[in-house]
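J.: The file below is protein_23.txt, compact mmCIF, C-alpha atoms:
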```txt
# COMPACT_ATOMS: atom_id res chain seq x y z
CA LEU A 1 -38.12 2.50 4.94
CA VAL A 2 -38.32 5.51 2.59
CA LEU A 3 -35.79 7.62 4.51
CA ASN A 4 -33.44 4.67 5.02
CA HIS A 5 -33.22 4.12 1.28
CA TYR A 6 -33.34 7.76 0.13
CA LEU A 7 -31.14 9.25 2.89
CA PRO A 8 -29.16 6.28 4.29
CA TYR A 9 -26.56 6.64 7.02
CA ASN A 10 -24.20 4.04 5.55
CA ARG A 11 -24.09 4.75 1.81
CA SER A 12 -22.10 7.35 -0.06
CA PHE A 13 -23.40 9.58 -2.86
CA TYR A 14 -22.35 6.95 -5.40
CA GLY A 15 -23.24 3.98 -3.23
CA LYS A 16 -26.92 4.94 -3.18
CA PHE A 17 -27.12 4.31 -6.92
CA LYS A 18 -26.62 0.60 -6.22
CA ASP A 19 -29.92 0.52 -4.32
CA PRO A 20 -32.92 -0.29 -6.59
CA LEU A 21 -35.39 1.49 -4.28
CA TYR A 22 -33.26 4.64 -4.31
CA LEU A 23 -33.10 4.51 -8.09
CA LEU A 24 -36.89 4.19 -8.20
CA MET A 25 -37.37 7.26 -6.01
CA TYR A 26 -34.68 9.21 -7.85
CA GLY A 27 -36.34 8.36 -11.16
CA ALA A 28 -39.69 9.59 -9.82
CA THR A 29 -38.21 13.05 -9.28
CA LEU A 30 -37.08 13.11 -12.93
CA ILE A 31 -40.54 12.41 -14.36
CA PRO A 32 -41.42 15.37 -16.62
CA ILE A 33 -44.91 15.84 -15.17
CA HIS A 34 -45.60 19.07 -13.34
CA GLY A 35 -46.08 18.67 -9.60
CA VAL A 36 -44.61 15.17 -9.21
CA ARG A 37 -41.20 16.36 -8.00
CA VAL A 38 -42.66 18.88 -5.55
CA CYS A 39 -45.17 16.39 -4.14
CA PHE A 40 -42.43 13.78 -3.64
CA PHE A 41 -40.21 16.21 -1.74
CA ALA A 42 -43.18 17.51 0.26
CA VAL A 43 -43.61 13.96 1.59
CA ILE A 44 -39.88 13.73 2.37
CA LEU A 45 -40.00 17.05 4.24
CA ALA A 46 -43.03 15.92 6.25
CA MET A 47 -41.09 12.80 7.28
CA LEU A 48 -38.09 14.90 8.31
CA LEU A 49 -40.21 17.24 10.41
CA ALA A 50 -42.10 14.53 12.32
CA PRO A 51 -41.42 13.76 15.05
CA GLN A 52 -39.98 17.07 16.20
CA PRO A 53 -37.31 18.35 16.42
CA PRO A 54 -35.73 17.58 13.03
CA ASP A 55 -32.05 17.08 12.34
CA GLU A 56 -30.05 20.13 11.21
CA HIS A 57 -28.00 18.35 8.58
CA GLN A 58 -31.06 16.69 7.05
CA LEU A 59 -32.91 20.00 6.68
CA ILE A 60 -29.92 21.62 4.99
CA ASN A 61 -29.43 18.56 2.84
CA PHE A 62 -33.13 18.64 1.90
CA ILE A 63 -32.88 22.25 0.69
CA LEU A 64 -29.83 21.56 -1.44
CA ILE A 65 -31.13 18.31 -2.94
CA PHE A 66 -34.58 19.77 -3.62
CA LYS A 67 -33.20 22.83 -5.40
CA GLY A 68 -30.62 20.72 -7.21
CA MET A 69 -33.35 18.48 -8.57
CA GLN A 70 -35.31 21.57 -9.58
CA PHE A 71 -32.40 22.59 -11.81
CA LEU A 72 -32.20 19.11 -13.30
CA THR A 73 -35.90 18.27 -13.72
CA SER A 74 -37.79 21.56 -14.07
CA GLY A 75 -34.80 23.16 -15.77
CA LEU A 76 -32.87 20.86 -18.09
CA VAL A 77 -35.48 18.11 -18.55
CA TYR A 78 -38.36 20.50 -19.18
CA MET A 79 -36.25 22.65 -21.49
CA ALA A 80 -35.43 19.54 -23.54
CA LYS A 81 -39.07 18.46 -23.48
CA GLY A 82 -40.31 21.88 -24.66
CA SER A 83 -37.73 22.04 -27.41
CA MET A 84 -38.73 18.59 -28.68
CA GLN A 85 -42.39 19.59 -28.66
CA TYR A 86 -41.60 22.60 -30.86
CA PHE A 87 -39.45 20.42 -33.12
CA ALA A 88 -42.22 17.81 -33.48
CA CYS A 89 -44.78 20.46 -34.44
CA TYR A 90 -42.42 22.01 -36.99
CA SER A 91 -41.38 18.66 -38.46
CA PHE A 92 -44.73 16.92 -38.74
CA HIS A 93 -47.38 19.66 -38.70
CA LYS A 94 -46.02 22.50 -40.81
CA ALA A 95 -49.42 23.23 -42.34
CA SER A 96 -51.02 23.70 -38.94
CA LEU A 97 -47.99 24.79 -36.92
CA LEU A 98 -49.74 27.25 -34.59
CA GLU A 99 -52.57 24.85 -33.92
CA CYS A 100 -50.09 22.11 -33.08
CA ILE A 101 -48.23 24.37 -30.67
CA ASP A 102 -51.49 25.36 -28.97
CA THR A 103 -52.56 21.75 -28.52
CA SER A 104 -49.24 19.91 -28.11
CA GLY A 105 -46.61 22.55 -27.38
CA PRO A 106 -45.02 23.57 -24.05
CA GLY A 107 -47.70 24.43 -21.50
CA ALA A 108 -50.52 23.13 -23.70
CA SER A 109 -51.46 20.49 -21.17
CA ALA A 110 -50.88 22.83 -18.25
CA ASN A 111 -52.93 22.29 -15.12
CA TRP A 112 -52.62 22.93 -11.42
CA GLY A 113 -49.47 20.84 -11.43
CA GLN A 114 -47.60 23.62 -13.18
CA LEU A 115 -48.59 26.08 -10.45
CA VAL A 116 -47.58 23.55 -7.78
CA ASP A 117 -44.21 23.11 -9.47
CA TYR A 118 -43.59 26.86 -9.74
CA LEU A 119 -44.67 27.99 -6.26
CA GLY A 120 -43.75 24.79 -4.44
CA SER A 121 -40.11 25.26 -5.43
CA VAL A 122 -40.08 28.40 -3.26
CA VAL A 123 -42.39 27.44 -0.42
CA LEU A 124 -40.83 24.11 0.60
CA VAL A 125 -37.28 25.45 0.98
CA TRP A 126 -38.44 28.34 3.18
CA ILE A 127 -40.46 25.97 5.36
CA ALA A 128 -37.32 23.88 5.88
CA PHE A 129 -35.22 26.98 6.58
CA TYR A 130 -37.83 28.39 8.97
CA VAL A 131 -37.62 25.36 11.27
CA LEU A 132 -33.83 25.08 10.95
CA PRO A 133 -33.06 27.07 14.17
CA GLN A 134 -35.09 24.54 16.18
CA ALA A 135 -33.25 21.56 14.69
CA LYS A 136 -30.89 19.26 16.56
CA LYS A 137 -27.27 18.98 15.56
CA HIS A 138 -24.99 15.96 15.81
CA LYS A 139 -21.69 16.84 17.47
CA THR A 140 -18.27 15.26 17.48
CA ARG A 141 -16.89 13.73 20.66
CA PRO A 142 -14.64 15.82 22.94
CA ARG A 143 -10.98 15.77 22.03
CA HIS A 144 -8.73 13.21 23.68
CA ALA A 145 -5.32 13.89 25.15
CA GLY A 146 -3.71 13.31 21.79
CA GLY A 147 -5.71 16.15 20.28
CA ASN A 148 -7.85 13.96 18.02
CA SER A 149 -11.63 13.96 18.07
CA THR A 150 -13.78 10.90 17.51
CA PRO A 151 -17.01 11.18 15.56
CA LEU A 152 -20.28 9.92 16.99
CA LEU A 153 -20.90 6.24 16.45
CA ALA A 154 -23.67 5.22 14.09
CA GLY A 155 -26.89 4.95 16.06
CA GLU A 156 -25.85 7.38 18.79
CA ALA A 157 -28.49 9.94 19.77
CA PRO A 158 -28.04 13.59 18.74
CA GLU A 159 -27.54 16.44 21.18
CA ARG A 160 -29.00 19.92 21.02
CA ASP A 161 -26.51 22.57 20.02
CA PRO A 162 -27.66 25.98 21.35
CA ARG A 163 -25.23 27.84 19.10
CA SER A 164 -26.70 26.43 15.88
CA ARG A 165 -29.41 29.12 15.83
CA ASP A 166 -26.99 31.87 14.82
CA SER A 167 -24.33 29.78 13.15
CA ARG A 168 -22.44 31.12 10.18
CA SER A 169 -23.51 28.15 8.12
CA HIS A 170 -27.13 29.26 8.48
CA SER A 171 -26.14 32.74 7.34
CA ARG A 172 -24.49 31.34 4.22
CA LEU A 173 -27.55 29.26 3.45
CA ARG A 174 -29.80 32.28 4.05
CA ARG A 175 -27.84 34.27 1.48
CA LEU A 176 -28.23 31.42 -0.98
CA LEU A 177 -31.99 31.43 -0.39
CA TYR A 178 -32.09 35.20 -0.87
CA TYR A 179 -30.46 34.57 -4.24
CA ASP A 180 -33.19 32.05 -4.98
CA MET A 181 -35.89 34.59 -4.09
CA ALA A 182 -34.23 37.10 -6.41
CA CYS A 183 -34.30 34.50 -9.20
CA PHE A 184 -37.98 33.76 -8.52
CA SER A 185 -38.81 37.47 -8.56
CA THR A 186 -36.93 37.88 -11.82
CA SER A 187 -38.91 35.07 -13.42
CA ILE A 188 -42.18 36.67 -12.25
CA ILE A 189 -41.14 40.01 -13.77
CA VAL A 190 -40.32 38.27 -17.05
CA LEU A 191 -43.68 36.46 -16.90
CA CYS A 192 -45.60 39.69 -16.37
CA THR A 193 -43.69 41.41 -19.18
CA LEU A 194 -44.30 38.56 -21.62
CA THR A 195 -47.97 38.38 -20.67
CA ALA A 196 -48.45 42.11 -21.16
CA ARG A 197 -46.93 41.87 -24.63
CA THR A 198 -48.40 38.57 -25.86
CA CYS A 199 -51.79 38.20 -24.13
CA VAL A 200 -53.35 41.63 -24.74
CA ASP A 201 -56.76 40.33 -25.84
CA SER A 202 -57.04 37.93 -22.90
CA LEU A 203 -56.09 40.65 -20.43
CA GLU A 204 -58.85 42.86 -21.76
CA ASN A 205 -61.42 40.05 -21.31
CA GLY A 206 -60.52 39.29 -17.70
CA PHE A 207 -58.68 36.73 -15.60
CA LEU A 208 -60.75 33.74 -16.74
CA ALA A 209 -59.90 34.46 -20.36
CA LEU A 210 -56.22 34.71 -19.43
CA GLY A 211 -56.37 31.32 -17.72
CA ALA A 212 -57.68 29.75 -20.92
CA ASP A 213 -55.04 31.42 -23.11
CA MET A 214 -52.47 28.87 -24.35
CA GLN A 215 -49.95 31.67 -24.85
CA PHE A 216 -50.17 32.47 -21.14
CA HIS A 217 -49.63 28.80 -20.29
CA SER A 218 -46.58 28.76 -22.53
CA ASN A 219 -45.25 31.89 -20.82
CA ILE A 220 -45.58 30.20 -17.42
CA PHE A 221 -43.83 27.08 -18.72
CA TRP A 222 -40.75 28.92 -19.96
CA CYS A 223 -40.54 31.26 -16.97
CA CYS A 224 -40.63 28.19 -14.72
CA VAL A 225 -37.77 26.74 -16.79
CA LEU A 226 -35.85 30.02 -16.45
CA TYR A 227 -36.29 30.06 -12.68
CA SER A 228 -35.22 26.42 -12.43
CA LEU A 229 -32.08 26.91 -14.52
CA LEU A 230 -31.04 29.69 -12.16
CA SER A 231 -30.95 27.10 -9.35
CA LEU A 232 -27.60 25.85 -10.65
CA PRO A 233 -25.59 27.07 -7.59
CA PHE A 234 -27.60 24.72 -5.34
CA THR A 235 -26.66 21.80 -7.59
CA LEU A 236 -22.96 22.43 -7.05
CA PHE A 237 -23.33 22.09 -3.28
CA THR A 238 -24.95 18.66 -3.61
CA LEU A 239 -21.66 17.26 -4.90
CA PRO A 240 -19.61 15.20 -2.41
CA GLY A 241 -17.39 17.43 -0.28
CA LEU A 242 -18.82 20.80 -1.32
CA GLN A 243 -21.82 20.60 1.01
CA LYS A 244 -19.46 20.47 3.99
CA VAL A 245 -17.82 23.68 2.79
CA LEU A 246 -21.17 25.49 2.80
CA THR A 247 -22.84 24.11 5.92
CA HIS A 248 -20.15 22.70 8.27
CA SER A 249 -22.89 20.44 9.66
CA ASN A 250 -22.09 16.93 10.85
CA PRO A 251 -23.42 14.38 8.30
CA THR A 252 -26.27 12.14 9.37
CA GLY A 253 -28.54 9.56 7.78
CA PHE A 254 -31.38 7.17 8.58
CA ASN A 255 -31.00 3.56 9.67
CA SER A 256 -33.37 0.69 8.97
CA TYR A 257 -35.49 1.64 12.00
CA GLY A 258 -36.08 5.16 10.67
CA ALA A 259 -33.86 6.80 13.29
CA CYS A 260 -31.57 9.67 12.34
CA VAL A 261 -28.01 8.69 13.28
CA ALA A 262 -24.46 9.79 12.57
CA PHE A 263 -23.25 9.05 9.06
CA ALA A 264 -20.78 6.14 9.00
CA LEU A 265 -19.66 4.23 5.94
CA PRO A 266 -19.11 0.51 6.60
CA SER A 267 -15.50 -0.62 6.77
CA ALA A 268 -13.90 -2.58 3.95
CA ALA A 269 -14.02 -5.71 6.11
CA ALA A 270 -17.73 -5.28 6.78
CA GLN A 271 -18.39 -4.74 3.10
CA GLN A 272 -16.47 -7.88 2.21
CA ALA A 273 -18.36 -9.88 4.84
CA ALA A 274 -21.69 -8.64 3.49
CA ALA A 275 -20.63 -9.55 -0.04
CA ASN A 276 -19.65 -13.06 1.09
CA GLU A 277 -23.01 -13.55 2.81
CA ALA A 278 -24.80 -12.43 -0.33
```
Can you dump the structure from the file as structure tokens?
T.:
Amino acid sequence: LVLNHYLPYNRSFYGKFKDPLYLLMYGATLIPIHGVRVCFFAVILAMLLAPQPPDEHQLINFILIFKGMQFLTSGLVYMAKGSMQYFACYSFHKASLLECIDTSGPGASANWGQLVDYLGSVVLVWIAFYVLPQAKKHKTRPRHAGGNSTPLLAGEAPERDPRSRDSRSHSRLRRLLYYDMACFSTSIIVLCTLTARTCVDSLENGFLALGADMQFHSNIFWCCVLYSLLSLPFTLFTLPGLQKVLTHSNPTGFNSYGACVAFALPSAAAQQAAANEA
């Protein structure tokens, strides 16, 4: 049920927004609470991986959607949230500005969710990429005499493609993930530099004191935002048409039985018939 509504085989990028259940799940990934987005996509990944082997297109699609939502939620949404928290403290608590920032500013309510959000954004994509060589790939039908090829029908079973292991599309995706690792490393370097400059007293008193330092929590918050904003290139490849340029994988989706099948939009006649029945 979850995969059929979140990754349907018969709805386009825009068509999914007409589904209330999809909107509910999409809205959950936008909630500005640390860890919610990562936990949601961890469940989606677990569903894609079981039973084995997973579908190649779905794993690639998972990586791009997950990183795209990181840019949107942990990047833009959290940046807006942090800015509004600073603005609220400055506007309504000028006399106790620093105290307000420590208690209500960015990172003030930090918990394990912030760590899950930061590290989970790296771990989940590499898990998906690690199992990608063992994934199945939907193929197109052999060419007919006229030279045209016919795509697989919706509901048709996938076939194993032995050449997918070393495909060029995997190499392109690997380079994109190397870029992501470079962005993550950059954010860690910035975090260490900020901490060394702004948390001197806590560093001298040990790790436990650093964990209780609100300045350190704020540093983590903004470095997580920085890392997430650098995920912008993934967002571009989630747009209709551009994903095909990067991956060259055959689109798939999930039917109402939870089976991964070839992607096939309903014909205009079928859509009209469904509308008349409704």
J.: Closest to Gln215 (chain A) among A:Lys136, A:Phe66, A:Pro53, A:Ala196, using only C-alpha atoms?
T.: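 Closest to Gln215 (chain A), using only C-alpha atoms: A:Ala196.
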J.: Restricting the calculation to all atoms listed in the file: of A:Ala128, A:Thr238, A:Val190, A:Leu176, which residue gets closest to Asp55 (chain A)?
T.: A:Ala128
J.: Just the residues within 10 Å of region 178-184 of chain A, please, counting all atoms listed in the file, with nothing from its chain fewer than 6 positions along; format it as a PyMOL selection string.
T.: chain A and resi 67+118-119+121-122+125-126+172+190+223-224+226-231+233-234
J.: With C-alpha atoms retained, export the selected residues as a PDB file, keeping the file's coordinate frame.
T.:
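Output (out-v1.pdb):
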```
ATOM      1  CA  LYS A  67     -33.200  22.830  -5.400  1.00  0.00           C
ATOM      2  CA  TYR A 118     -43.590  26.860  -9.740  1.00  0.00           C
ATOM      3  CA  LEU A 119     -44.670  27.990  -6.260  1.00  0.00           C
ATOM      4  CA  SER A 121     -40.110  25.260  -5.430  1.00  0.00           C
ATOM      5  CA  VAL A 122     -40.080  28.400  -3.260  1.00  0.00           C
ATOM      6  CA  VAL A 125     -37.280  25.450   0.980  1.00  0.00           C
ATOM      7  CA  TRP A 126     -38.440  28.340   3.180  1.00  0.00           C
ATOM      8  CA  ARG A 172     -24.490  31.340   4.220  1.00  0.00           C
ATOM      9  CA  VAL A 190     -40.320  38.270 -17.050  1.00  0.00           C
ATOM     10  CA  CYS A 223     -40.540  31.260 -16.970  1.00  0.00           C
ATOM     11  CA  CYS A 224     -40.630  28.190 -14.720  1.00  0.00           C
ATOM     12  CA  LEU A 226     -35.850  30.020 -16.450  1.00  0.00           C
ATOM     13  CA  TYR A 227     -36.290  30.060 -12.680  1.00  0.00           C
ATOM     14  CA  SER A 228     -35.220  26.420 -12.430  1.00  0.00           C
ATOM     15  CA  LEU A 229     -32.080  26.910 -14.520  1.00  0.00           C
ATOM     16  CA  LEU A 230     -31.040  29.690 -12.160  1.00  0.00           C
ATOM     17  CA  SER A 231     -30.950  27.100  -9.350  1.00  0.00           C
ATOM     18  CA  PRO A 233     -25.590  27.070  -7.590  1.00  0.00           C
ATOM     19  CA  PHE A 234     -27.600  24.720  -5.340  1.00  0.00           C
TER      20      PHE A 234
END
```
J.: CA of Thr73 (chain A) and CA of Thr29 (chain A), how far apart in Å?
T.: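 About the pair CA of Thr29 (chain A) and CA of Thr73 (chain A): they are 7.2 Å apart.
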J.: Identify which of the residues A:Val131, A:Leu7, A:Leu21, A:Val200 lies closest to Asn61 (chain A), counting all atoms listed in the file when measuring atom-to-atom distances.
T.: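 Among the listed residues, the smallest separation from Asn61 (chain A) belongs to A:Leu7.
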J.: Would you work out the distance separating CA of Glu56 (chain A) from CA of Gly75 (chain A), expressed in Å to one decimal?
T.: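 Atom-to-atom, CA of Glu56 (chain A) to CA of Gly75 (chain A), that is 27.6 Å.
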J.: Compare A:Lys81, A:His57, A:His5, A:Lys94 by their minimum atom-to-atom distance to Val225 (chain A), counting all atoms listed in the file, and give me the closest one.
T.: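 Distance minimum relative to Val225 (chain A) lands on A:Lys81.
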J.: Give the answer as one residue: which of A:Val116, A:Leu239, A:Ala50, A:Leu3 has the shortest atom-to-atom distance to Arg37 (chain A), using all atoms listed in the file?
T.: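 Checking each candidate against Arg37 (chain A), we get A:Val116 as the closest.
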J.: Could you tell me how far CA of Val43 (chain A) sits from CA of Val2 (chain A), in Å to one decimal place?
T.: 10.0 Å
J.: I'd like to know which of A:Leu203, A:Leu59, A:Met69, A:Cys100 is closest to Asn250 (chain A), using all atoms listed in the file.
T.: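 The answer is A:Leu59, which sits nearest to Asn250 (chain A).
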J.: So that I can see what lies close to Cys199 (chain A), please list as a ChimeraX atom specification the residues with an atom at most 9 Å from it, counting only C-alpha atoms and leaving out residues fewer than 5 positions away in the same chain.
T.: /A:194,204,210,213,215-216
J.: Could you write those residues out with C-alpha atoms, as a PDB file, keeping the file's coordinate frame?
T.:
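Here's the written file again28.pdb:
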```pdb
ATOM      1  CA  LEU A 194     -44.300  38.560 -21.620  1.00  0.00           C
ATOM      2  CA  GLU A 204     -58.850  42.860 -21.760  1.00  0.00           C
ATOM      3  CA  LEU A 210     -56.220  34.710 -19.430  1.00  0.00           C
ATOM      4  CA  ASP A 213     -55.040  31.420 -23.110  1.00  0.00           C
ATOM      5  CA  GLN A 215     -49.950  31.670 -24.850  1.00  0.00           C
ATOM      6  CA  PHE A 216     -50.170  32.470 -21.140  1.00  0.00           C
TER       7      PHE A 216
END
```
J.: For the point (-40.5, 16.6, -25.9) in file coordinates, what residues are within 12 Å, counting all atoms listed in the file? Give the answer as a ChimeraX atom specification?
T.: /A:32-33,76-89,101,104-107
J.: If I only have part of region 173-192 of chain A, can you fill in N, CA and C atoms and write it as a PDB file, in the frame of the given file?
T.:
```pdb
ATOM      1  N   LEU A 173     -26.388  29.856   4.096  1.00  0.00           N
ATOM      2  CA  LEU A 173     -27.550  29.260   3.450  1.00  0.00           C
ATOM      3  C   LEU A 173     -28.644  30.298   3.238  1.00  0.00           C
ATOM      4  N   ARG A 174     -28.795  31.214   4.198  1.00  0.00           N
ATOM      5  CA  ARG A 174     -29.800  32.280   4.050  1.00  0.00           C
ATOM      6  C   ARG A 174     -29.480  33.151   2.843  1.00  0.00           C
ATOM      7  N   ARG A 175     -28.221  33.463   2.647  1.00  0.00           N
ATOM      8  CA  ARG A 175     -27.840  34.270   1.480  1.00  0.00           C
ATOM      9  C   ARG A 175     -28.137  33.522   0.182  1.00  0.00           C
ATOM     10  N   LEU A 176     -27.936  32.221   0.206  1.00  0.00           N
ATOM     11  CA  LEU A 176     -28.230  31.420  -0.980  1.00  0.00           C
ATOM     12  C   LEU A 176     -29.740  31.415  -1.261  1.00  0.00           C
ATOM     13  N   LEU A 177     -30.547  31.388  -0.201  1.00  0.00           N
ATOM     14  CA  LEU A 177     -31.990  31.430  -0.390  1.00  0.00           C
ATOM     15  C   LEU A 177     -32.462  32.823  -0.820  1.00  0.00           C
ATOM     16  N   TYR A 178     -31.776  33.853  -0.381  1.00  0.00           N
ATOM     17  CA  TYR A 178     -32.090  35.200  -0.870  1.00  0.00           C
ATOM     18  C   TYR A 178     -31.813  35.291  -2.376  1.00  0.00           C
ATOM     19  N   TYR A 179     -30.740  34.644  -2.800  1.00  0.00           N
ATOM     20  CA  TYR A 179     -30.460  34.570  -4.240  1.00  0.00           C
ATOM     21  C   TYR A 179     -31.592  33.868  -4.963  1.00  0.00           C
ATOM     22  N   ASP A 180     -32.093  32.792  -4.363  1.00  0.00           N
ATOM     23  CA  ASP A 180     -33.190  32.050  -4.980  1.00  0.00           C
ATOM     24  C   ASP A 180     -34.447  32.917  -5.078  1.00  0.00           C
ATOM     25  N   MET A 181     -34.733  33.698  -4.047  1.00  0.00           N
ATOM     26  CA  MET A 181     -35.890  34.590  -4.090  1.00  0.00           C
ATOM     27  C   MET A 181     -35.726  35.643  -5.170  1.00  0.00           C
ATOM     28  N   ALA A 182     -34.491  36.125  -5.348  1.00  0.00           N
ATOM     29  CA  ALA A 182     -34.230  37.100  -6.410  1.00  0.00           C
ATOM     30  C   ALA A 182     -34.473  36.468  -7.780  1.00  0.00           C
ATOM     31  N   CYS A 183     -34.072  35.203  -7.933  1.00  0.00           N
ATOM     32  CA  CYS A 183     -34.300  34.500  -9.200  1.00  0.00           C
ATOM     33  C   CYS A 183     -35.793  34.305  -9.445  1.00  0.00           C
ATOM     34  N   PHE A 184     -36.535  33.943  -8.385  1.00  0.00           N
ATOM     35  CA  PHE A 184     -37.980  33.760  -8.520  1.00  0.00           C
ATOM     36  C   PHE A 184     -38.649  35.074  -8.901  1.00  0.00           C
ATOM     37  N   SER A 185     -38.240  36.155  -8.250  1.00  0.00           N
ATOM     38  CA  SER A 185     -38.810  37.470  -8.560  1.00  0.00           C
ATOM     39  C   SER A 185     -38.508  37.876  -9.993  1.00  0.00           C
ATOM     40  N   THR A 186     -37.293  37.564 -10.444  1.00  0.00           N
ATOM     41  CA  THR A 186     -36.930  37.880 -11.820  1.00  0.00           C
ATOM     42  C   THR A 186     -37.809  37.124 -12.808  1.00  0.00           C
ATOM     43  N   SER A 187     -38.060  35.852 -12.519  1.00  0.00           N
ATOM     44  CA  SER A 187     -38.910  35.070 -13.420  1.00  0.00           C
ATOM     45  C   SER A 187     -40.348  35.593 -13.431  1.00  0.00           C
ATOM     46  N   ILE A 188     -40.829  36.094 -12.304  1.00  0.00           N
ATOM     47  CA  ILE A 188     -42.180  36.670 -12.250  1.00  0.00           C
ATOM     48  C   ILE A 188     -42.242  37.958 -13.063  1.00  0.00           C
ATOM     49  N   ILE A 189     -41.190  38.766 -12.981  1.00  0.00           N
ATOM     50  CA  ILE A 189     -41.140  40.010 -13.770  1.00  0.00           C
ATOM     51  C   ILE A 189     -41.139  39.685 -15.267  1.00  0.00           C
ATOM     52  N   VAL A 190     -40.353  38.681 -15.644  1.00  0.00           N
ATOM     53  CA  VAL A 190     -40.320  38.270 -17.050  1.00  0.00           C
ATOM     54  C   VAL A 190     -41.695  37.753 -17.472  1.00  0.00           C
ATOM     55  N   LEU A 191     -42.351  36.977 -16.600  1.00  0.00           N
ATOM     56  CA  LEU A 191     -43.680  36.460 -16.900  1.00  0.00           C
ATOM     57  C   LEU A 191     -44.693  37.589 -17.111  1.00  0.00           C
ATOM     58  N   CYS A 192     -44.669  38.560 -16.244  1.00  0.00           N
ATOM     59  CA  CYS A 192     -45.600  39.690 -16.370  1.00  0.00           C
ATOM     60  C   CYS A 192     -45.323  40.490 -17.648  1.00  0.00           C
TER      61      CYS A 192
END
```
